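> Sharing input.txt below, compact mmCIF, C-alpha atoms:
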```
# COMPACT_ATOMS: atom_id res chain seq x y z
CA MET A 45 265.44 265.33 -5.18
CA VAL A 46 262.19 267.22 -4.74
CA PRO A 47 262.16 269.45 -1.64
CA LEU A 48 259.14 269.39 0.66
CA ALA A 49 258.16 272.88 -0.46
CA ALA A 50 257.80 271.57 -4.00
CA VAL A 51 255.65 268.68 -2.77
CA LYS A 52 253.37 271.13 -1.00
CA ALA A 53 253.19 273.27 -4.13
CA GLU A 54 252.20 270.22 -6.18
CA VAL A 55 249.54 269.23 -3.65
CA THR A 56 248.15 272.78 -3.70
CA LYS A 57 247.99 272.64 -7.48
CA LEU A 58 246.19 269.31 -7.41
CA ARG A 59 243.68 270.64 -4.90
CA ARG A 60 242.94 273.57 -7.16
CA MET A 61 242.17 270.99 -9.83
CA LYS A 62 239.75 269.36 -7.31
CA MET A 63 241.84 266.18 -7.24
CA LEU A 64 242.70 266.32 -3.52
CA PRO A 65 240.62 267.20 -0.45
CA GLU A 66 241.21 270.46 1.39
CA LYS A 67 243.50 269.77 4.39
CA ASP A 68 246.07 271.65 6.38
CA ILE A 69 249.43 271.34 4.59
CA GLN A 70 251.52 273.59 6.79
CA SER A 71 252.90 270.96 9.17
CA ASP A 72 256.31 269.48 8.39
CA SER A 73 255.88 266.53 10.77
CA PRO A 74 256.72 263.08 9.37
CA LYS A 75 253.05 262.10 9.62
CA ARG A 76 251.94 265.08 7.56
CA VAL A 77 254.70 264.43 5.01
CA ALA A 78 253.52 260.80 4.78
CA ASP A 79 249.97 262.03 4.21
CA LEU A 80 251.15 264.40 1.48
CA ILE A 81 253.07 261.62 -0.26
CA ALA A 82 250.04 259.32 -0.09
CA GLU A 83 247.71 262.01 -1.43
CA THR A 84 250.09 262.80 -4.27
CA ILE A 85 250.27 259.15 -5.30
CA ILE A 86 246.48 258.81 -5.07
CA ALA A 87 246.12 261.83 -7.35
CA GLN A 88 248.48 260.19 -9.83
CA ILE A 89 246.34 257.04 -9.74
CA LYS A 90 243.17 259.04 -10.30
CA ASP A 91 244.56 261.03 -13.22
CA GLY A 92 245.98 257.91 -14.88
CA SER A 93 249.65 258.65 -14.34
CA LEU A 94 249.78 255.40 -12.37
CA ALA A 95 247.54 252.63 -13.70
CA VAL A 96 246.10 249.64 -11.86
CA GLY A 97 248.75 246.94 -11.82
CA ASP A 98 251.66 249.34 -12.11
CA ALA A 99 254.48 248.91 -9.60
CA VAL A 100 254.73 251.74 -7.10
CA PRO A 101 258.15 253.47 -7.13
CA THR A 102 260.63 251.85 -4.76
CA GLU A 103 261.19 253.21 -1.26
CA ARG A 104 264.56 254.60 -2.39
CA GLU A 105 262.95 256.34 -5.35
CA LEU A 106 260.21 257.82 -3.19
CA CYS A 107 262.76 258.95 -0.60
CA ASN A 108 264.69 260.74 -3.33
CA GLN A 109 261.61 262.11 -5.02
CA PHE A 110 260.12 263.58 -1.85
CA SER A 111 263.37 264.26 0.01
CA THR A 112 262.31 262.29 3.07
CA SER A 113 263.20 259.20 5.12
CA ARG A 114 262.31 255.54 4.62
CA PRO A 115 260.06 255.39 7.74
CA THR A 116 258.01 258.29 6.35
CA VAL A 117 257.72 256.62 2.95
CA ARG A 118 256.74 253.33 4.59
CA GLU A 119 254.02 255.13 6.54
CA ALA A 120 252.72 256.62 3.30
CA LEU A 121 252.67 253.18 1.64
CA SER A 122 250.90 251.71 4.67
CA ASN A 123 248.33 254.50 4.42
CA LEU A 124 247.81 253.70 0.73
CA HIS A 125 247.44 249.99 1.51
CA LEU A 126 244.86 250.61 4.24
CA ARG A 127 242.87 252.82 1.88
CA GLY A 128 242.92 250.15 -0.82
CA PHE A 129 245.11 251.96 -3.37
CA VAL A 130 248.13 249.66 -3.05
CA SER A 131 248.52 245.90 -2.67
CA THR A 132 251.46 244.58 -0.72
CA GLY A 133 253.01 241.19 -0.08
CA THR A 134 256.09 239.77 1.58
CA GLY A 135 259.04 240.28 -0.71
CA LYS A 136 256.87 241.79 -3.43
CA ARG A 137 256.93 245.31 -4.76
CA PRO A 138 253.72 247.22 -3.97
CA ARG A 139 251.37 247.60 -6.93
CA VAL A 140 248.53 249.98 -7.68
CA THR A 141 245.00 248.72 -7.01
CA THR A 142 241.60 250.36 -6.75
CA PRO A 143 239.59 250.41 -3.51
CA SER A 144 236.56 248.11 -3.35
CA LEU A 145 233.54 248.01 -1.06
CA GLU A 146 234.88 244.77 0.40
CA ASP A 147 238.20 246.43 1.28
CA VAL A 148 236.45 249.37 2.92
CA PHE A 149 234.02 247.23 4.92
CA THR A 150 236.70 244.74 5.97
CA LEU A 151 238.84 247.55 7.34
CA ALA A 152 235.83 249.10 9.06
CA GLY A 153 234.92 245.75 10.60
CA ASP A 154 238.44 245.36 11.99
CA HIS A 155 238.24 248.83 13.54
CA ILE A 156 234.81 248.10 15.04
CA ARG A 157 236.14 244.98 16.75
CA GLU A 158 239.20 246.88 18.01
CA ILE A 159 237.06 249.67 19.45
CA LEU A 160 234.15 247.69 20.88
CA GLY A 161 235.65 244.26 21.50
CA ASN A 162 234.38 241.01 20.03
CA SER A 163 231.31 240.56 22.27
CA GLU A 164 229.96 244.11 22.02
CA SER A 165 230.74 244.44 18.32
CA ALA A 166 228.97 241.13 17.69
CA ALA A 167 225.87 242.45 19.45
CA HIS A 168 225.91 245.64 17.38
CA LEU A 169 226.39 243.68 14.18
CA GLU A 170 223.47 241.43 15.10
CA GLN A 171 221.35 244.55 15.56
CA MET A 172 222.51 245.87 12.19
CA ARG A 173 221.63 242.53 10.65
CA GLN A 174 218.14 242.75 12.11
CA PHE A 175 217.60 246.21 10.63
CA ILE A 176 218.84 245.09 7.22
CA GLU A 177 216.88 241.85 7.05
CA ALA A 178 213.65 243.17 8.59
CA GLY A 179 213.68 245.94 5.99
CA ALA A 180 214.63 243.54 3.21
CA VAL A 181 211.86 241.05 4.01
CA ARG A 182 209.35 243.91 4.02
CA VAL A 183 210.49 244.91 0.53
CA ALA A 184 210.41 241.26 -0.56
CA ALA A 185 206.85 240.78 0.64
CA GLU A 186 205.77 243.92 -1.20
CA ASN A 187 207.78 243.80 -4.41
CA ALA A 188 209.63 240.50 -4.96
CA SER A 189 209.39 239.30 -8.57
CA ASN A 190 208.56 235.72 -9.49
CA ILE A 191 212.24 235.08 -10.25
CA GLN A 192 213.31 236.45 -6.87
CA VAL A 193 210.71 234.36 -5.06
CA ALA A 194 211.88 231.31 -7.01
CA LYS A 195 215.45 231.94 -5.85
CA MET A 196 214.22 232.12 -2.26
CA GLN A 197 212.43 228.80 -2.71
CA VAL A 198 215.56 227.15 -4.10
CA ALA A 199 217.57 228.46 -1.14
CA LEU A 200 214.89 227.18 1.24
CA GLU A 201 214.91 223.72 -0.37
CA ASP A 202 218.70 223.59 -0.07
CA ASN A 203 218.33 224.54 3.58
CA LEU A 204 215.92 221.62 4.13
CA LEU A 205 218.29 219.14 2.47
CA ALA A 206 221.14 220.33 4.71
CA VAL A 207 219.30 219.83 8.02
CA GLY A 208 221.50 217.80 10.33
CA THR A 209 224.61 218.16 8.15
CA LYS A 210 227.75 220.26 8.28
CA HIS A 211 226.44 222.28 5.32
CA PHE A 212 223.45 223.70 7.19
CA PRO A 213 225.08 227.04 8.21
CA GLU A 214 225.99 227.95 4.63
CA THR A 215 222.46 227.21 3.41
CA ASP A 216 221.09 229.20 6.35
CA ILE A 217 223.11 232.22 5.24
CA ALA A 218 222.19 231.66 1.58
CA PHE A 219 218.46 231.77 2.42
CA HIS A 220 218.83 235.09 4.25
CA ARG A 221 220.99 236.46 1.46
CA SER A 222 218.33 235.60 -1.13
CA ILE A 223 215.96 237.90 0.76
CA VAL A 224 218.45 240.78 1.11
CA ALA A 225 219.25 240.50 -2.62
CA VAL A 226 215.67 241.50 -3.44
CA VAL A 227 216.41 245.06 -2.33
CA GLY A 228 218.81 245.43 -5.26
CA ASN A 229 221.25 247.62 -3.33
CA PRO A 230 224.88 246.47 -3.79
CA ILE A 231 226.06 248.35 -0.68
CA ILE A 232 223.47 246.72 1.56
CA LEU A 233 224.23 243.31 0.06
CA LYS A 234 227.96 243.79 0.58
CA LEU A 235 227.34 244.89 4.17
CA HIS A 236 225.34 241.71 4.67
CA ASP A 237 228.07 239.58 3.13
CA MET A 238 230.95 241.18 5.04
CA PHE A 239 229.46 241.92 8.45
CA VAL A 240 226.84 239.21 8.63
CA SER A 241 227.45 236.21 6.42
CA LYS A 242 231.17 235.83 7.02
CA MET A 243 231.06 236.62 10.73
CA LEU A 244 228.03 234.51 11.52
CA ALA A 245 229.45 231.62 9.53
CA HIS A 246 232.15 231.28 12.18
CA ARG A 247 230.03 231.23 15.32
CA PRO A 248 231.97 229.39 17.99
CA ASN A 249 229.09 227.83 19.89
CA SER A 250 228.25 224.90 17.67
CA SER A 251 230.84 224.93 14.87
CA SER A 252 233.11 222.33 16.48
CA LEU A 253 230.15 220.12 17.43
CA ARG A 254 228.78 220.34 13.89
CA GLN A 255 232.09 219.15 12.48
CA GLN A 256 232.22 216.24 14.93
CA ASP A 257 228.58 215.16 14.95
CA ALA A 258 226.32 217.29 12.75
CA SER A 259 223.40 214.87 13.13
CA SER A 260 223.11 215.75 16.83
CA LEU A 261 222.09 219.26 15.77
CA ARG A 262 219.23 218.04 13.62
CA PRO A 263 216.47 219.18 16.03
CA GLN A 264 218.02 222.65 16.22
CA ASP A 265 218.41 222.83 12.43
CA ALA A 266 214.84 221.65 11.92
CA ALA A 267 213.51 224.43 14.14
CA VAL A 268 215.52 227.01 12.19
CA TYR A 269 214.27 225.60 8.88
CA GLU A 270 210.65 225.84 10.04
CA GLU A 271 211.19 229.50 10.90
CA HIS A 272 212.69 230.04 7.44
CA ARG A 273 209.68 228.32 5.88
CA ALA A 274 207.29 230.61 7.80
CA ILE A 275 209.21 233.67 6.55
CA TYR A 276 209.10 232.40 2.97
CA GLU A 277 205.37 231.66 3.11
CA ALA A 278 204.68 235.18 4.42
CA VAL A 279 206.73 236.67 1.55
CA LEU A 280 205.00 234.39 -0.96
CA GLY A 281 201.63 235.53 0.33
CA GLY A 282 202.60 239.21 0.23
CA ASP A 283 201.92 239.55 3.96
CA VAL A 284 204.24 242.40 4.95
CA VAL A 285 203.26 242.45 8.63
CA SER A 286 203.67 238.71 9.10
CA ALA A 287 206.91 238.54 7.12
CA THR A 288 208.46 241.32 9.19
CA LYS A 289 207.33 239.79 12.49
CA GLN A 290 208.51 236.33 11.50
CA MET A 291 211.94 237.70 10.60
CA ASP A 292 212.24 239.79 13.77
CA ASP A 293 211.24 236.86 15.97
CA HIS A 294 213.58 234.50 14.12
CA LEU A 295 216.63 236.75 14.45
CA GLU A 296 215.88 237.63 18.06
CA ARG A 297 215.55 233.99 19.05
CA SER A 298 218.62 233.03 17.05
CA TYR A 299 220.81 235.62 18.76
CA ARG A 300 219.59 234.88 22.28
CA SER A 301 219.99 231.14 21.81
CA ARG A 302 223.68 231.65 21.10
CA LEU A 303 224.44 233.70 24.21
CA ALA A 304 226.78 231.91 26.55
CA ALA A 305 225.06 230.41 29.56
CA PRO A 306 226.01 232.12 32.86
CA LYS A 307 228.13 230.16 35.28
CA SER A 308 226.29 228.57 38.15
CA LEU A 309 227.47 228.51 41.74
CA LEU A 310 226.11 224.96 41.87
CA GLY A 311 228.54 223.87 39.18
CA GLU A 312 225.86 223.40 36.53
CA THR A 313 224.97 225.49 33.54
CA LYS A 314 221.99 225.38 31.25
CA PRO A 315 221.65 226.90 27.79
CA VAL A 316 219.87 230.20 27.73
CA GLY A 317 216.13 229.67 27.28
CA GLU A 318 216.01 226.28 29.01
CA THR A 319 214.48 225.89 32.44
```
Could you take the file, read its structure, and then write that structure out as structure tokens?

Amino acid sequence: MVPLAAVKAEVTKLRRMKMLPEKDIQSDSPKRVADLIAETIIAQIKDGSLAVGDAVPTERELCNQFSTSRPTVREALSNLHLRGFVSTGTGKRPRVTTPSLEDVFTLAGDHIREILGNSESAAHLEQMRQFIEAGAVRVAAENASNIQVAKMQVALEDNLLAVGTKHFPETDIAFHRSIVAVVGNPIILKLHDMFVSKMLAHRPNSSSLRQQDASSLRPQDAAVYEEHRAIYEAVLGGDVVSATKQMDDHLERSYRSRLAAPKSLLGETKPVGET
């Protein structure tokens, strides 16, 4: 058994080696002990003592090693899982993994929804999308290569073929992604994929109707396609001002058109934008 004092001494040593962040290590609370255990295991992963795919020591072994209780060890393992250093599964022994951008952004997205609620977080994510895509289309209009423009054209043609079908949303997202990809920034692209593509692919307003009768949405799809075509033509022509305005207008209209119609005292509701 390794007493807590020894754990603290090991953590101090690792910090001197610049392998752990500077934090208060004086508290003996279960939470602080769990943090110390997690940091120690992370240091072992980083220095190669524990390799990706290795099984993490059992709860009993960790309890004995750190002279602590199972709840504290479980909290440490949960901490490691949330930070992407450990994979867990029902009935399976935790194994070492490495954090990925997707893990980080997924966790952040969950926290955003918990803090802001679905409606408010959706509005903030739409605003983030507008910043990303307005900036991306500006870069595309200025610097897109022939290959990148060709990829946009292919995505646009797929979007046209999907008008009035259940596949339209995925081609819609693919067209926008082809523009964001021009920036060449993997973090921005992952942000777009995690916070935009996946969330917007599950919009509740028309998803059920599209599955039941996609052809009824043909006029709506056609209008979206025409806006995409205008964006593409502005990029193709190198018109930065027009491309940016077309994208801003497109995203603004798209978001407002999906807002739920307010209830009427007369018992009737109309979609936002209709008179």
> Need the shell around stretch 91-100 of chain A: protein/DNA/RNA residues with any atom at most 7 Å away, counting only C-alpha atoms. Skip same-chain ones fewer than 4 positions apart. Format as a PyMOL selection string?
chain A and resi 87+137-142
> Stretch 209-219 of chain A: which residues within 8 Å, counting all atoms listed in the file, same-chain residues fewer than 6 positions away excluded, as a PDB file with C-alpha atoms, in the frame of the given file?

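New file around-v8.pdb:
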```pdb
ATOM      1  CA  MET A 196     214.220 232.120  -2.260  1.00  0.00           C
ATOM      2  CA  ALA A 199     217.570 228.460  -1.140  1.00  0.00           C
ATOM      3  CA  LEU A 200     214.890 227.180   1.240  1.00  0.00           C
ATOM      4  CA  ASP A 202     218.700 223.590  -0.070  1.00  0.00           C
ATOM      5  CA  ASN A 203     218.330 224.540   3.580  1.00  0.00           C
ATOM      6  CA  SER A 241     227.450 236.210   6.420  1.00  0.00           C
ATOM      7  CA  ALA A 245     229.450 231.620   9.530  1.00  0.00           C
ATOM      8  CA  ARG A 254     228.780 220.340  13.890  1.00  0.00           C
ATOM      9  CA  GLN A 255     232.090 219.150  12.480  1.00  0.00           C
ATOM     10  CA  ALA A 258     226.320 217.290  12.750  1.00  0.00           C
ATOM     11  CA  SER A 259     223.400 214.870  13.130  1.00  0.00           C
ATOM     12  CA  ARG A 262     219.230 218.040  13.620  1.00  0.00           C
ATOM     13  CA  ASP A 265     218.410 222.830  12.430  1.00  0.00           C
ATOM     14  CA  HIS A 272     212.690 230.040   7.440  1.00  0.00           C
TER      15      HIS A 272
END
```
> Give me the residues within 6 Å of A:Ala78 as a PyMOL selection string, counting only C-alpha atoms and dropping any in the same chain fewer than 6 places off.
chain A and resi 116+119-120
> Between atom CA of A:Gln109 and atom CA of A:Gly128, measure the distance and give it in Å to one decimal.
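Interatomic distance, atom CA of A:Gln109 to atom CA of A:Gly128: 22.6 Å.
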> Quick one: residues within 12 Å of A:Leu126, all atoms listed in the file, excluding same-chain residues fewer than 2 positions away - as a list of chain:residue names?
A:Ala82, A:Glu119, A:Ala120, A:Leu121, A:Ser122, A:Asn123, A:Leu124, A:Gly128, A:Phe129, A:Val130, A:Ser131, A:Thr132, A:Thr141, A:Thr142, A:Pro143, A:Ser144, A:Asp147, A:Val148, A:Phe149, A:Thr150, A:Leu151, A:Ala152, A:Asp154, A:His155
> Given the choices A:Ala185, A:Val226, A:Leu309, A:Val77, which gets closest to A:Arg114 if the distance is worked out from all atoms listed in the file?
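Closest to A:Arg114 of all the choices is A:Val77.
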> Do you have the atom CA of A:Leu233-atom CA of A:Glu177 distance handy?
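Between atom CA of A:Leu233 and atom CA of A:Glu177 the gap is 10.2 Å.
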> For A:Ala287, which residue among A:Ala188, A:Thr112, A:Ala206, A:Ala274 is the nearest when counting all atoms listed in the file?
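Going through A:Ala188, A:Thr112, A:Ala206, A:Ala274 one by one, the smallest distance to A:Ala287 is for A:Ala274.
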> When you count all atoms listed in the file, which of these residues is closest to A:Arg297: A:Leu80, A:Ala267, A:Ile223, A:Ile231?
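Closest to A:Arg297, using all atoms listed in the file: A:Ala267.
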> When you draw a straight line from atom CA of A:Leu204 to atom CA of A:His168, how long is it in Å?
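Value for the atom CA of A:Leu204-atom CA of A:His168 distance: 29.2 Å.
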> Which residues are close to A:Ile191, i.e. within 12 Å by all atoms listed in the file, leaving aside same-chain residues fewer than 4 positions away? Reply as a PDB file with C-alpha atoms, in the frame of the given file.

```pdb
ATOM      1  CA  ALA A 184     210.410 241.260  -0.560  1.00  0.00           C
ATOM      2  CA  ASN A 187     207.780 243.800  -4.410  1.00  0.00           C
ATOM      3  CA  LYS A 195     215.450 231.940  -5.850  1.00  0.00           C
ATOM      4  CA  MET A 196     214.220 232.120  -2.260  1.00  0.00           C
ATOM      5  CA  GLN A 197     212.430 228.800  -2.710  1.00  0.00           C
ATOM      6  CA  VAL A 198     215.560 227.150  -4.100  1.00  0.00           C
ATOM      7  CA  SER A 222     218.330 235.600  -1.130  1.00  0.00           C
ATOM      8  CA  ILE A 223     215.960 237.900   0.760  1.00  0.00           C
ATOM      9  CA  ALA A 225     219.250 240.500  -2.620  1.00  0.00           C
ATOM     10  CA  VAL A 226     215.670 241.500  -3.440  1.00  0.00           C
ATOM     11  CA  LEU A 280     205.000 234.390  -0.960  1.00  0.00           C
TER      12      LEU A 280
END
```
> Closest to A:Glu201 among A:Arg273, A:Met291, A:Leu169, A:Val117, using all atoms listed in the file?
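Using all atoms listed in the file, A:Glu201 sits closest to A:Arg273.
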> Would you compute an axis-aligned box for stretch 134-151 of chain A, covering every atom listed for it in the file with 6 Å of margin on each side, and report centre and edge lengths in Å to one decimal as lines of an AutoDock Vina configuration file?

```
center_x = 246.3
center_y = 245.1
center_z = -0.2
size_x = 37.5
size_y = 22.6
size_z = 27.0
```
